[in-house]
>>> print(open('coords-v9.json').read())   # JSON, C-alpha atoms and all ligand atoms
[["chain", "number", "residue", "atom", "x", "y", "z"],
["H", 1, "MET", "CA", 124.49, 59.14, 93.52],
["H", 2, "VAL", "CA", 120.76, 58.40, 93.82],
["H", 3, "PHE", "CA", 117.61, 58.98, 91.78],
["H", 4, "LYS", "CA", 115.75, 62.20, 92.55],
["H", 5, "ASP", "CA", 112.43, 61.82, 94.36],
["H", 6, "ASN", "CA", 110.77, 63.92, 91.69],
["H", 7, "TYR", "CA", 111.98, 64.80, 88.23],
["H", 8, "THR", "CA", 110.23, 67.62, 86.36],
["H", 9, "ASN", "CA", 110.27, 66.08, 82.89],
["H", 10, "ILE", "CA", 110.48, 62.31, 83.39],
["H", 11, "LYS", "CA", 109.02, 59.63, 85.64],
["H", 12, "ILE", "CA", 110.94, 56.57, 86.76],
["H", 13, "LYS", "CA", 109.82, 53.17, 87.97],
["H", 14, "ILE", "CA", 111.98, 50.20, 88.93],
["H", 15, "ILE", "CA", 110.58, 46.76, 88.16],
["H", 16, "GLU", "CA", 112.95, 44.03, 89.39],
["H", 17, "ARG", "CA", 116.21, 44.65, 87.43],
["H", 18, "VAL", "CA", 114.57, 46.98, 84.90],
["H", 19, "ILE", "CA", 114.19, 50.73, 85.08],
["H", 20, "LEU", "CA", 111.37, 52.32, 83.13],
["H", 21, "ILE", "CA", 112.04, 55.97, 82.30],
["H", 22, "THR", "CA", 108.95, 57.73, 80.97],
["H", 23, "LEU", "CA", 109.44, 61.05, 79.16],
["H", 24, "ASN", "CA", 106.83, 63.32, 80.69],
["H", 25, "ARG", "CA", 106.23, 66.67, 79.00],
["H", 26, "PRO", "CA", 102.73, 66.00, 77.66],
["H", 27, "SER", "CA", 101.97, 69.64, 76.86],
["H", 28, "ALA", "CA", 104.84, 69.66, 74.33],
["H", 29, "LEU", "CA", 104.51, 66.03, 73.14],
["H", 30, "ASN", "CA", 107.73, 65.25, 75.03],
["H", 31, "ALA", "CA", 109.79, 67.71, 72.98],
["H", 32, "LEU", "CA", 113.38, 67.30, 74.10],
["H", 33, "SER", "CA", 114.00, 70.50, 76.04],
["H", 34, "SER", "CA", 117.32, 70.97, 77.83],
["H", 35, "GLY", "CA", 115.48, 70.32, 81.12],
["H", 36, "LEU", "CA", 114.17, 66.99, 79.84],
["H", 37, "ILE", "CA", 117.62, 65.93, 78.63],
["H", 38, "ASP", "CA", 119.13, 66.94, 82.00],
["H", 39, "ASP", "CA", 116.58, 64.79, 83.83],
["H", 40, "LEU", "CA", 117.07, 61.87, 81.43],
["H", 41, "ASN", "CA", 120.85, 62.05, 81.74],
["H", 42, "HIS", "CA", 120.66, 62.18, 85.54],
["H", 43, "ALA", "CA", 118.48, 59.05, 85.66],
["H", 44, "LEU", "CA", 120.70, 57.28, 83.12],
["H", 45, "LYS", "CA", 123.83, 58.03, 85.13],
["H", 46, "VAL", "CA", 122.32, 56.68, 88.34],
["H", 47, "ALA", "CA", 120.93, 53.62, 86.52],
["H", 48, "GLU", "CA", 124.34, 52.89, 85.01],
["H", 49, "LYS", "CA", 125.99, 52.95, 88.43],
["H", 50, "ASN", "CA", 123.26, 50.98, 90.20],
["H", 51, "SER", "CA", 124.29, 47.31, 90.25],
["H", 52, "ASN", "CA", 120.65, 46.25, 90.84],
["H", 53, "ILE", "CA", 119.63, 47.55, 87.41],
["H", 54, "SER", "CA", 120.47, 45.66, 84.21],
["H", 55, "VAL", "CA", 118.16, 47.08, 81.54],
["H", 56, "ILE", "CA", 116.95, 50.60, 80.85],
["H", 57, "VAL", "CA", 113.62, 51.14, 79.06],
["H", 58, "ILE", "CA", 112.75, 54.58, 77.74],
["H", 59, "THR", "CA", 109.20, 55.37, 76.72],
["H", 60, "GLY", "CA", 106.87, 58.33, 76.17],
["H", 61, "SER", "CA", 103.08, 58.55, 75.98],
["H", 62, "SER", "CA", 100.60, 56.85, 73.67],
["H", 63, "LYS", "CA", 100.45, 60.10, 71.65],
["H", 64, "ALA", "CA", 104.18, 60.77, 71.41],
["H", 65, "PHE", "CA", 107.42, 59.06, 72.28],
["H", 66, "ALA", "CA", 108.94, 62.49, 71.55],
["H", 67, "ALA", "CA", 108.15, 65.10, 68.89],
["H", 68, "GLY", "CA", 111.78, 66.13, 68.50],
["H", 69, "ALA", "CA", 114.01, 68.90, 69.75],
["H", 70, "ASP", "CA", 112.10, 71.70, 71.44],
["H", 71, "ILE", "CA", 111.45, 74.08, 68.55],
["H", 72, "LYS", "CA", 110.43, 76.89, 70.91],
["H", 73, "GLU", "CA", 113.80, 76.60, 72.71],
["H", 74, "MET", "CA", 115.72, 76.41, 69.42],
["H", 75, "ILE", "CA", 114.18, 79.16, 67.32],
["H", 76, "ALA", "CA", 116.17, 82.10, 68.72],
["H", 77, "LYS", "CA", 119.55, 80.35, 68.64],
["H", 78, "SER", "CA", 122.25, 81.69, 66.30],
["H", 79, "PHE", "CA", 125.19, 80.03, 64.58],
["H", 80, "SER", "CA", 127.55, 81.31, 67.27],
["H", 81, "ASP", "CA", 125.21, 80.11, 70.04],
["H", 82, "LEU", "CA", 125.58, 76.61, 68.62],
["H", 83, "ILE", "CA", 129.36, 76.99, 68.36],
["H", 84, "ASP", "CA", 129.53, 78.14, 72.00],
["H", 85, "ASN", "CA", 127.03, 75.60, 73.28],
["H", 86, "ASP", "CA", 126.35, 72.41, 71.34],
["H", 87, "PHE", "CA", 122.97, 71.73, 72.93],
["H", 88, "ILE", "CA", 122.74, 68.34, 71.19],
["H", 89, "LYS", "CA", 125.99, 67.02, 72.70],
["H", 90, "PRO", "CA", 124.36, 66.01, 76.04],
["H", 91, "TRP", "CA", 121.80, 63.90, 74.14],
["H", 92, "GLU", "CA", 124.61, 61.51, 73.18],
["H", 93, "LYS", "CA", 124.91, 60.20, 76.76],
["H", 94, "LEU", "CA", 122.20, 57.66, 75.93],
["H", 95, "SER", "CA", 124.25, 56.24, 73.06],
["H", 96, "LEU", "CA", 127.25, 55.87, 75.40],
["H", 97, "CYS", "CA", 125.31, 53.89, 78.01],
["H", 98, "LYS", "CA", 127.00, 50.52, 78.62],
["H", 99, "LYS", "CA", 123.90, 48.68, 79.83],
["H", 100, "PRO", "CA", 121.22, 47.46, 77.39],
["H", 101, "THR", "CA", 118.68, 50.13, 76.48],
["H", 102, "ILE", "CA", 115.25, 49.67, 74.95],
["H", 103, "ALA", "CA", 113.16, 52.40, 73.31],
["H", 104, "ALA", "CA", 109.48, 51.54, 73.78],
["H", 105, "VAL", "CA", 108.01, 53.76, 71.12],
["H", 106, "ASP", "CA", 104.35, 54.66, 70.78],
["H", 107, "GLY", "CA", 102.78, 57.55, 68.84],
["H", 108, "TYR", "CA", 105.06, 60.10, 67.21],
["H", 109, "ALA", "CA", 108.83, 59.57, 67.18],
["H", 110, "LEU", "CA", 109.89, 62.59, 65.17],
["H", 111, "GLY", "CA", 113.15, 64.43, 64.65],
["H", 112, "GLY", "CA", 115.18, 64.17, 67.83],
["H", 113, "GLY", "CA", 112.57, 61.70, 69.12],
["H", 114, "CYS", "CA", 113.36, 59.29, 66.31],
["H", 115, "GLU", "CA", 117.08, 59.94, 66.85],
["H", 116, "LEU", "CA", 116.80, 59.24, 70.58],
["H", 117, "ALA", "CA", 115.01, 55.96, 69.84],
["H", 118, "MET", "CA", 117.74, 55.02, 67.37],
["H", 119, "MET", "CA", 120.37, 55.51, 70.11],
["H", 120, "CYS", "CA", 118.80, 52.59, 72.00],
["H", 121, "ASP", "CA", 119.81, 48.97, 71.46],
["H", 122, "LEU", "CA", 116.32, 47.60, 70.87],
["H", 123, "LEU", "CA", 113.60, 49.69, 69.32],
["H", 124, "ILE", "CA", 110.23, 48.19, 70.13],
["H", 125, "ALA", "CA", 107.29, 49.94, 68.51],
["H", 126, "ASN", "CA", 103.58, 49.94, 68.98],
["H", 127, "GLU", "CA", 101.76, 49.28, 65.71],
["H", 128, "ASN", "CA", 100.51, 52.92, 65.72],
["H", 129, "THR", "CA", 103.97, 54.47, 65.89],
["H", 130, "LYS", "CA", 104.97, 57.06, 63.32],
["H", 131, "PHE", "CA", 108.66, 57.68, 62.73],
["H", 132, "GLY", "CA", 109.94, 60.72, 60.91],
["H", 133, "GLN", "CA", 112.77, 63.17, 60.43],
["H", 134, "PRO", "CA", 110.72, 66.26, 59.56],
["H", 135, "GLU", "CA", 113.47, 68.81, 60.31],
["H", 136, "ILE", "CA", 113.63, 69.73, 56.60],
["H", 137, "ASN", "CA", 110.20, 71.35, 57.06],
["H", 138, "LEU", "CA", 111.75, 73.65, 59.66],
["H", 139, "GLY", "CA", 114.52, 74.79, 57.31],
["H", 140, "VAL", "CA", 117.15, 72.55, 58.93],
["H", 141, "PHE", "CA", 117.94, 68.82, 58.94],
["H", 142, "PRO", "CA", 118.54, 66.07, 61.53],
["H", 143, "ALA", "CA", 121.53, 66.63, 63.78],
["H", 144, "ALA", "CA", 121.33, 64.17, 66.65],
["H", 145, "GLY", "CA", 122.67, 61.32, 64.56],
["H", 146, "GLY", "CA", 119.72, 61.07, 62.15],
["H", 147, "THR", "CA", 121.79, 61.48, 58.99],
["H", 148, "GLN", "CA", 124.17, 58.77, 60.28],
["H", 149, "ARG", "CA", 122.11, 56.20, 62.18],
["H", 150, "LEU", "CA", 119.07, 56.23, 59.88],
["H", 151, "PRO", "CA", 121.00, 55.19, 56.70],
["H", 152, "ARG", "CA", 122.79, 52.51, 58.70],
["H", 153, "ALA", "CA", 119.41, 51.18, 59.88],
["H", 154, "VAL", "CA", 117.28, 51.49, 56.72],
["H", 155, "GLY", "CA", 119.77, 52.04, 53.89],
["H", 156, "LYS", "CA", 120.62, 55.19, 51.93],
["H", 157, "ALA", "CA", 117.58, 55.19, 49.62],
["H", 158, "LYS", "CA", 114.99, 55.19, 52.41],
["H", 159, "ALA", "CA", 117.02, 57.52, 54.64],
["H", 160, "MET", "CA", 117.26, 60.06, 51.82],
["H", 161, "ASP", "CA", 113.53, 59.72, 51.21],
["H", 162, "MET", "CA", 112.69, 60.34, 54.89],
["H", 163, "VAL", "CA", 115.16, 63.16, 55.50],
["H", 164, "LEU", "CA", 114.65, 65.05, 52.21],
["H", 165, "SER", "CA", 110.86, 64.75, 52.09],
["H", 166, "GLY", "CA", 110.23, 64.81, 55.85],
["H", 167, "ARG", "CA", 107.57, 62.11, 55.43],
["H", 168, "MET", "CA", 106.51, 59.85, 58.26],
["H", 169, "MET", "CA", 106.97, 56.09, 58.22],
["H", 170, "GLY", "CA", 104.65, 53.65, 59.99],
["H", 171, "ALA", "CA", 105.83, 50.90, 62.33],
["H", 172, "GLU", "CA", 105.26, 48.15, 59.78],
["H", 173, "GLU", "CA", 107.46, 49.78, 57.14],
["H", 174, "ALA", "CA", 110.06, 50.62, 59.79],
["H", 175, "GLU", "CA", 110.19, 47.02, 60.97],
["H", 176, "LYS", "CA", 110.48, 45.68, 57.42],
["H", 177, "LEU", "CA", 113.44, 48.00, 56.83],
["H", 178, "GLY", "CA", 115.27, 47.10, 60.05],
["H", 179, "LEU", "CA", 114.70, 50.28, 62.06],
["H", 180, "VAL", "CA", 112.40, 48.48, 64.51],
["H", 181, "SER", "CA", 113.35, 45.33, 66.43],
["H", 182, "ARG", "CA", 109.81, 44.18, 67.15],
["H", 183, "ILE", "CA", 106.27, 45.50, 66.81],
["H", 184, "ILE", "CA", 103.94, 44.92, 69.74],
["H", 185, "SER", "CA", 100.22, 45.53, 69.44],
["H", 186, "SER", "CA", 98.48, 48.29, 71.35],
["H", 187, "ASP", "CA", 97.01, 46.25, 74.19],
["H", 188, "ASN", "CA", 99.28, 46.32, 77.25],
["H", 189, "PHE", "CA", 102.11, 47.73, 75.12],
["H", 190, "ILE", "CA", 104.42, 48.88, 77.90],
["H", 191, "GLU", "CA", 103.72, 45.82, 80.07],
["H", 192, "ASN", "CA", 104.77, 43.61, 77.16],
["H", 193, "VAL", "CA", 107.95, 45.63, 76.60],
["H", 194, "ILE", "CA", 108.77, 45.33, 80.31],
["H", 195, "GLU", "CA", 108.43, 41.54, 80.01],
["H", 196, "ILE", "CA", 111.01, 41.57, 77.20],
["H", 197, "ALA", "CA", 113.27, 43.82, 79.29],
["H", 198, "LYS", "CA", 112.89, 41.51, 82.31],
["H", 199, "GLU", "CA", 113.84, 38.51, 80.20],
["H", 200, "ILE", "CA", 117.02, 40.28, 79.06],
["H", 201, "SER", "CA", 117.74, 41.46, 82.61],
["H", 202, "GLU", "CA", 117.98, 37.83, 83.76],
["H", 203, "LYS", "CA", 121.02, 37.23, 81.55],
["H", 204, "SER", "CA", 124.57, 37.84, 82.75],
["H", 205, "LEU", "CA", 125.02, 41.62, 82.88],
["H", 206, "PRO", "CA", 128.76, 41.60, 82.04],
["H", 207, "SER", "CA", 128.01, 39.40, 79.01],
["H", 208, "LEU", "CA", 125.17, 41.69, 77.94],
["H", 209, "ILE", "CA", 127.55, 44.65, 78.18],
["H", 210, "MET", "CA", 130.25, 42.86, 76.18],
["H", 211, "ALA", "CA", 127.77, 41.68, 73.52],
["H", 212, "LYS", "CA", 126.46, 45.23, 73.12],
["H", 213, "ASP", "CA", 130.00, 46.59, 72.95],
["H", 214, "ALA", "CA", 130.94, 44.04, 70.27],
["H", 215, "ILE", "CA", 127.92, 44.83, 68.09],
["H", 216, "ASN", "CA", 128.46, 48.58, 68.42],
["H", 217, "SER", "CA", 132.12, 48.16, 67.45],
["H", 218, "SER", "CA", 130.93, 46.72, 64.11],
["H", 219, "TYR", "CA", 129.85, 50.25, 63.18],
["H", 220, "GLU", "CA", 133.28, 51.70, 63.84],
["H", 221, "THR", "CA", 135.79, 49.11, 62.58],
["H", 222, "SER", "CA", 136.67, 46.90, 59.64],
["H", 223, "LEU", "CA", 135.30, 43.32, 59.66],
["H", 224, "SER", "CA", 138.67, 41.75, 60.48],
["H", 225, "GLN", "CA", 139.38, 44.20, 63.33],
["H", 226, "GLY", "CA", 135.84, 43.76, 64.61],
["H", 227, "ILE", "CA", 136.24, 40.00, 64.69],
["H", 228, "ILE", "CA", 139.52, 40.31, 66.61],
["H", 229, "TYR", "CA", 137.76, 42.58, 69.12],
["H", 230, "GLU", "CA", 134.83, 40.16, 69.40],
["H", 231, "ARG", "CA", 137.22, 37.26, 70.10],
["H", 232, "ARG", "CA", 139.01, 39.24, 72.84],
["H", 233, "LEU", "CA", 135.71, 40.04, 74.52],
["H", 234, "PHE", "CA", 134.64, 36.39, 74.19],
["H", 235, "ARG", "CA", 137.83, 35.27, 75.97],
["H", 236, "SER", "CA", 137.05, 37.76, 78.75],
["H", 237, "ALA", "CA", 133.66, 36.10, 79.22],
["H", 238, "PHE", "CA", 135.54, 32.97, 80.32],
["H", 239, "SER", "CA", 136.81, 34.86, 83.35],
["H", 240, "LEU", "CA", 133.23, 35.16, 84.59],
["H", 241, "GLU", "CA", 131.52, 32.86, 87.10],
["H", 242, "ASP", "CA", 128.47, 33.40, 84.89],
["H", 243, "GLN", "CA", 130.11, 31.49, 82.03],
["H", 244, "LYS", "CA", 130.54, 28.42, 84.27],
["H", 245, "GLU", "CA", 127.02, 28.82, 85.65],
["H", 246, "GLY", "CA", 125.40, 29.25, 82.21],
["H", 247, "MET", "CA", 127.11, 26.22, 80.72],
["H", 248, "SER", "CA", 126.61, 24.05, 83.86],
["H", 249, "ALA", "CA", 122.91, 24.98, 83.88],
["H", 250, "PHE", "CA", 122.58, 23.85, 80.26],
["H", 251, "ILE", "CA", 124.24, 20.51, 80.99],
["H", 252, "GLU", "CA", 122.22, 20.01, 84.18],
["H", 253, "LYS", "CA", 118.99, 20.91, 82.31],
["H", 254, "ARG", "CA", 118.06, 23.77, 84.65],
["H", 255, "LYS", "CA", 117.67, 27.54, 84.38],
["H", 256, "ALA", "CA", 120.90, 29.48, 84.91],
["H", 257, "LYS", "CA", 121.12, 31.75, 87.94],
["H", 258, "PHE", "CA", 123.57, 34.44, 86.95],
["H", 259, "LYS", "CA", 125.40, 36.47, 89.58],
["H", 260, "ASN", "CA", 126.57, 39.15, 87.16],
["H", 261, "SER", "CA", 130.16, 38.44, 88.04],
["H", 301, "LIG", "N1", 108.92, 71.46, 70.04],
["H", 301, "LIG", "C1", 108.16, 72.24, 70.82],
["H", 301, "LIG", "N2", 106.84, 72.09, 70.99],
["H", 301, "LIG", "C2", 106.25, 71.09, 70.31],
["H", 301, "LIG", "C3", 106.97, 70.22, 69.47],
["H", 301, "LIG", "C4", 108.37, 70.43, 69.36],
["H", 301, "LIG", "N3", 109.16, 69.64, 68.62],
["H", 301, "LIG", "N4", 106.11, 69.35, 68.91],
["H", 301, "LIG", "C5", 104.90, 69.64, 69.42],
["H", 301, "LIG", "N5", 104.98, 70.69, 70.25],
["H", 301, "LIG", "C6", 103.89, 71.34, 70.97],
["H", 301, "LIG", "C7", 103.01, 72.17, 70.05],
["H", 301, "LIG", "O1", 103.59, 73.43, 69.82],
["H", 301, "LIG", "C8", 101.72, 72.22, 70.83],
["H", 301, "LIG", "O2", 101.88, 73.17, 71.87],
["H", 301, "LIG", "P1", 100.73, 74.33, 72.08],
["H", 301, "LIG", "O3", 99.52, 73.53, 72.51],
["H", 301, "LIG", "O4", 101.31, 75.17, 73.15],
["H", 301, "LIG", "O5", 100.53, 74.98, 70.76],
["H", 301, "LIG", "C9", 101.68, 70.85, 71.50],
["H", 301, "LIG", "O6", 103.01, 70.35, 71.49],
["H", 301, "LIG", "C10", 100.81, 69.86, 70.76],
["H", 301, "LIG", "O7", 101.25, 69.81, 69.40],
["H", 301, "LIG", "P2", 100.24, 69.97, 68.16],
["H", 301, "LIG", "O8", 99.11, 70.86, 68.50],
["H", 301, "LIG", "O9", 101.08, 70.34, 66.98],
["H", 301, "LIG", "O10", 99.71, 68.47, 68.05],
["H", 301, "LIG", "P3", 99.15, 67.72, 66.75],
["H", 301, "LIG", "O11", 98.55, 66.46, 67.23],
["H", 301, "LIG", "O12", 98.32, 68.63, 65.93],
["H", 301, "LIG", "O13", 100.47, 67.39, 65.88],
["H", 301, "LIG", "C11", 102.76, 66.63, 65.57],
["H", 301, "LIG", "C12", 101.43, 66.50, 66.38],
["H", 301, "LIG", "C13", 102.51, 66.14, 64.14],
["H", 301, "LIG", "C14", 103.78, 65.76, 66.25],
["H", 301, "LIG", "C15", 103.18, 68.11, 65.55],
["H", 301, "LIG", "O14", 103.18, 68.61, 66.87],
["H", 301, "LIG", "C16", 104.55, 68.34, 64.97],
["H", 301, "LIG", "O15", 104.71, 68.30, 63.76],
["H", 301, "LIG", "N6", 105.56, 68.62, 65.86],
["H", 301, "LIG", "C17", 106.90, 68.99, 65.44],
["H", 301, "LIG", "C18", 107.68, 67.81, 64.89],
["H", 301, "LIG", "C19", 109.03, 68.25, 64.42],
["H", 301, "LIG", "O16", 109.15, 69.07, 63.52],
["H", 301, "LIG", "N7", 110.07, 67.69, 65.01],
["H", 301, "LIG", "C20", 111.46, 68.00, 64.67],
["H", 301, "LIG", "C21", 112.00, 68.99, 65.66],
["H", 301, "LIG", "S1", 113.60, 69.59, 65.20],
["H", 301, "LIG", "C22", 114.70, 68.44, 65.73],
["H", 301, "LIG", "O17", 114.36, 67.42, 66.31],
["H", 301, "LIG", "C23", 116.15, 68.78, 65.45],
["H", 301, "LIG", "C24", 117.14, 67.70, 65.65],
["H", 301, "LIG", "O18", 117.20, 66.71, 64.93],
["H", 301, "LIG", "C25", 118.18, 67.88, 66.64]]
>>> encode(input="coords-v9.json", output="structure tokens", more="lines below")
Ligand code: CAA
Amino acid sequence: MVFKDNYTNIKIKIIERVILITLNRPSALNALSSGLIDDLNHALKVAEKNSNISVIVITGSSKAFAAGADIKEMIAKSFSDLIDNDFIKPWEKLSLCKKPTIAAVDGYALGGGCELAMMCDLLIANENTKFGQPEINLGVFPAAGGTQRLPRAVGKAKAMDMVLSGRMMGAEEAEKLGLVSRIISSDNFIENVIEIAKEISEKSLPSLIMAKDAINSSYETSLSQGIIYERRLFRSAFSLEDQKEGMSAFIEKRKAKFKNS
């Protein structure tokens, strides 16, 4: 399986072991149409299988990371349409990705756009970013994980505030609350995010995957079960050549050269 030469709704660029996926529907502020999600999922699937790629960065434009689900596509849908075809289900592929993912968020990250960003492992925001779950203004409410991931990230009080009022939250507030991993200033925003992604991509990929898996399991299990799972994964890391290389490099005072095996 290979990347397409041309996607309709995204652009891709490979920089060393990093893939940059840019959502590209400027006329609709990157609203998440089914075509855009199909393109994104295709690129994600290929990136997951490609052993030369370690880290996946998803970004939008300086105006909008994504302004949410495509309202024009959604308006005519009925209850039974949603029973027959859960159009949000395919969005979840991003949250199931094993490799590290980074949302590089600039401009508006609203509704499904905010939810897509929250599916990523690191959420790096430009200082101008505006997050919001404004679905309540459309007579509905968030349904791509917003009512679940947002309270886990920012706590119930702030999640209720955002979802029930539909207000937007700036990057600074979002970082203070734990929604955002880092804020990067406007100048050379994406270049700076790529540098962070490159730094991560130089680590041992199997260890990155296990570390991500362990952290994600903390959302699904009790503390004691989570710690047992963490310990099992840690033991597995000792079957890697990368464990020997990483520890030898430390002792020999040199930079580790991981083979991802
Ligand atoms: N779906 C479809 N089209 C959208 C869109 C969306 N979510 N958001 C913006 N657009 C379109 C606009 O209709 C407009 O197209 P036309 O030029 O053809 O009219 C174009 O993008 C530019 O948008 P605006 O003219 O509105 O730009 P603005 O700068 O004045 O405002 C904005 C920007 C505040 C982001 C505003 O566009 C907005 O509020 N968008 C909708 C945000 C929203 O409600 N998102 C939630 C969607 S529902 C959802 O996501 C459900 C879920 O959880 C699963």
>>> closest_atom_pairs(input="coords-v9.json", of="chain H", to="ligand LIG 301 (chain H)", cutoff="10 Å", atoms="all atoms listed in the file", output="tab-separated table")
residue	atom	partner	partner_atom	distance
H:Arg25	CA	H:LIG301	O6	9.0
H:Pro26	CA	H:LIG301	O6	7.6
H:Ser27	CA	H:LIG301	C9	5.5
H:Ala28	CA	H:LIG301	O6	3.4
H:Leu29	CA	H:LIG301	O6	4.9
H:Asn30	CA	H:LIG301	C3	7.5
H:Ala31	CA	H:LIG301	C4	4.7
H:Leu32	CA	H:LIG301	N3	7.3
H:Ser33	CA	H:LIG301	N1	7.9
H:Lys63	CA	H:LIG301	O11	8.0
H:Ala64	CA	H:LIG301	C14	7.2
H:Phe65	CA	H:LIG301	C14	9.7
H:Ala66	CA	H:LIG301	N3	7.7
H:Ala67	CA	H:LIG301	N3	4.7
H:Gly68	CA	H:LIG301	O17	3.6
H:Ala69	CA	H:LIG301	O17	3.8
H:Asp70	CA	H:LIG301	N1	3.5
H:Ile71	CA	H:LIG301	N1	3.9
H:Lys72	CA	H:LIG301	C1	5.2
H:Glu73	CA	H:LIG301	C1	7.4
H:Met74	CA	H:LIG301	S1	8.3
H:Ile75	CA	H:LIG301	N1	9.7
H:Phe87	CA	H:LIG301	C25	8.8
H:Ile88	CA	H:LIG301	C25	6.5
H:Lys89	CA	H:LIG301	C25	9.9
H:Trp91	CA	H:LIG301	C25	9.2
H:Gly107	CA	H:LIG301	C14	8.7
H:Tyr108	CA	H:LIG301	C14	5.9
H:Ala109	CA	H:LIG301	C14	8.0
H:Leu110	CA	H:LIG301	N7	5.1
H:Gly111	CA	H:LIG301	O17	3.6
H:Gly112	CA	H:LIG301	O17	3.7
H:Gly113	CA	H:LIG301	O17	6.6
H:Cys114	CA	H:LIG301	O17	8.2
H:Glu115	CA	H:LIG301	O18	7.0
H:Leu116	CA	H:LIG301	O18	9.4
H:Lys130	CA	H:LIG301	C14	9.3
H:Gly132	CA	H:LIG301	N7	8.1
H:Gln133	CA	H:LIG301	C20	6.6
H:Pro134	CA	H:LIG301	O16	5.1
H:Glu135	CA	H:LIG301	C20	4.9
H:Ile136	CA	H:LIG301	O16	8.3
H:Asn137	CA	H:LIG301	O16	6.9
H:Leu138	CA	H:LIG301	O16	6.5
H:Gly139	CA	H:LIG301	S1	9.5
H:Val140	CA	H:LIG301	C23	7.6
H:Phe141	CA	H:LIG301	O18	6.4
H:Pro142	CA	H:LIG301	O18	3.7
H:Ala143	CA	H:LIG301	O18	4.5
H:Ala144	CA	H:LIG301	C25	4.9
H:Gly145	CA	H:LIG301	O18	7.7
H:Gly146	CA	H:LIG301	O18	6.8
H:Thr147	CA	H:LIG301	O18	9.1
H:Gly166	CA	H:LIG301	O16	8.8
H:Met168	CA	H:LIG301	C13	9.5
>>> atom_distance(input="coords-v9.json", atom1="CA of Ser181 (chain H)", atom2="CA of Val18 (chain H)")
18.6 Å
>>> atom_distance(input="coords-v9.json", atom1="CA of Met162 (chain H)", atom2="CA of Ile83 (chain H)")
27.1 Å
>>> closest_residue(input="coords-v9.json", among="H:Ala43, H:Ala237, H:Cys120, H:Leu208", to="Leu94 (chain H)", atoms="only C-alpha atoms")
H:Cys120
>>> atom_distance(input="coords-v9.json", atom1="CA of Gln148 (chain H)", atom2="CA of Asn216 (chain H)")
13.7 Å
>>> closest_atom_pairs(input="coords-v9.json", of="region 106-195 of chain H", to="region 46-55 of chain H", cutoff="12 Å", atoms="only C-alpha atoms", output="JSON lines")
{"residue": "H:Cys120", "atom": "CA", "partner": "H:Val55", "partner_atom": "CA", "distance": 11.0}
{"residue": "H:Asp121", "atom": "CA", "partner": "H:Val55", "partner_atom": "CA", "distance": 10.4}
{"residue": "H:Leu122", "atom": "CA", "partner": "H:Val55", "partner_atom": "CA", "distance": 10.8}
{"residue": "H:Val193", "atom": "CA", "partner": "H:Val55", "partner_atom": "CA", "distance": 11.4}
{"residue": "H:Ile194", "atom": "CA", "partner": "H:Val55", "partner_atom": "CA", "distance": 9.6}
{"residue": "H:Glu195", "atom": "CA", "partner": "H:Val55", "partner_atom": "CA", "distance": 11.3}
>>> closest_residue(input="coords-v9.json", among="H:Ser217, H:Ser201, H:Ser248, H:Ser95", to="Arg17 (chain H)", atoms="all atoms listed in the file")
H:Ser201
>>> residues_near_point(input="coords-v9.json", point="(136.2, 37.5, 83.8)", cutoff="12 Å", atoms="all atoms listed in the file", output="list in words")
Ser204, Leu205, Pro206, Ser207, Met210, Arg232, Leu233, Phe234, Arg235, Ser236, Ala237, Phe238, Ser239, Leu240, Glu241, Asp242, Gln243, Lys244, Asn260 and Ser261 of chain H
>>> write_last_selection(input="coords-v9.json", atoms="C-alpha atoms", output="compact mmCIF listing (two decimals), keeping the file's coordinate frame")
# COMPACT_ATOMS: atom_id res chain seq x y z
CA SER H 204 124.57 37.84 82.75
CA LEU H 205 125.02 41.62 82.88
CA PRO H 206 128.76 41.60 82.04
CA SER H 207 128.01 39.40 79.01
CA MET H 210 130.25 42.86 76.18
CA ARG H 232 139.01 39.24 72.84
CA LEU H 233 135.71 40.04 74.52
CA PHE H 234 134.64 36.39 74.19
CA ARG H 235 137.83 35.27 75.97
CA SER H 236 137.05 37.76 78.75
CA ALA H 237 133.66 36.10 79.22
CA PHE H 238 135.54 32.97 80.32
CA SER H 239 136.81 34.86 83.35
CA LEU H 240 133.23 35.16 84.59
CA GLU H 241 131.52 32.86 87.10
CA ASP H 242 128.47 33.40 84.89
CA GLN H 243 130.11 31.49 82.03
CA LYS H 244 130.54 28.42 84.27
CA ASN H 260 126.57 39.15 87.16
CA SER H 261 130.16 38.44 88.04
>>> closest_residue(input="coords-v9.json", among="H:Lys11, H:Ser80, H:Asn126, H:Lys253", to="Asp187 (chain H)", atoms="all atoms listed in the file")
H:Asn126
>>> residues_around(input="coords-v9.json", residues="region 102-104 of chain H", least_positions_apart="4", cutoff="6 Å", atoms="only C-alpha atoms", output="list in words")
Val57, Ile58, Thr59, Ala117, Cys120, Asp121, Leu122, Leu123, Ile124 and Ala125 of chain H
>>> closest_residue(input="coords-v9.json", among="H:Leu40, H:Asn9, H:Phe131, H:Ser222", to="Arg167 (chain H)", atoms="all atoms listed in the file")
H:Phe131
>>> closest_residue(input="coords-v9.json", among="H:Leu223, H:Ile12, H:Ala76, H:Leu177", to="Gly155 (chain H)", atoms="only C-alpha atoms")
H:Leu177
>>> closest_residue(input="coords-v9.json", among="H:Met160, H:Ala256, H:Val105, H:Ala249", to="Ile184 (chain H)", atoms="only C-alpha atoms")
H:Val105
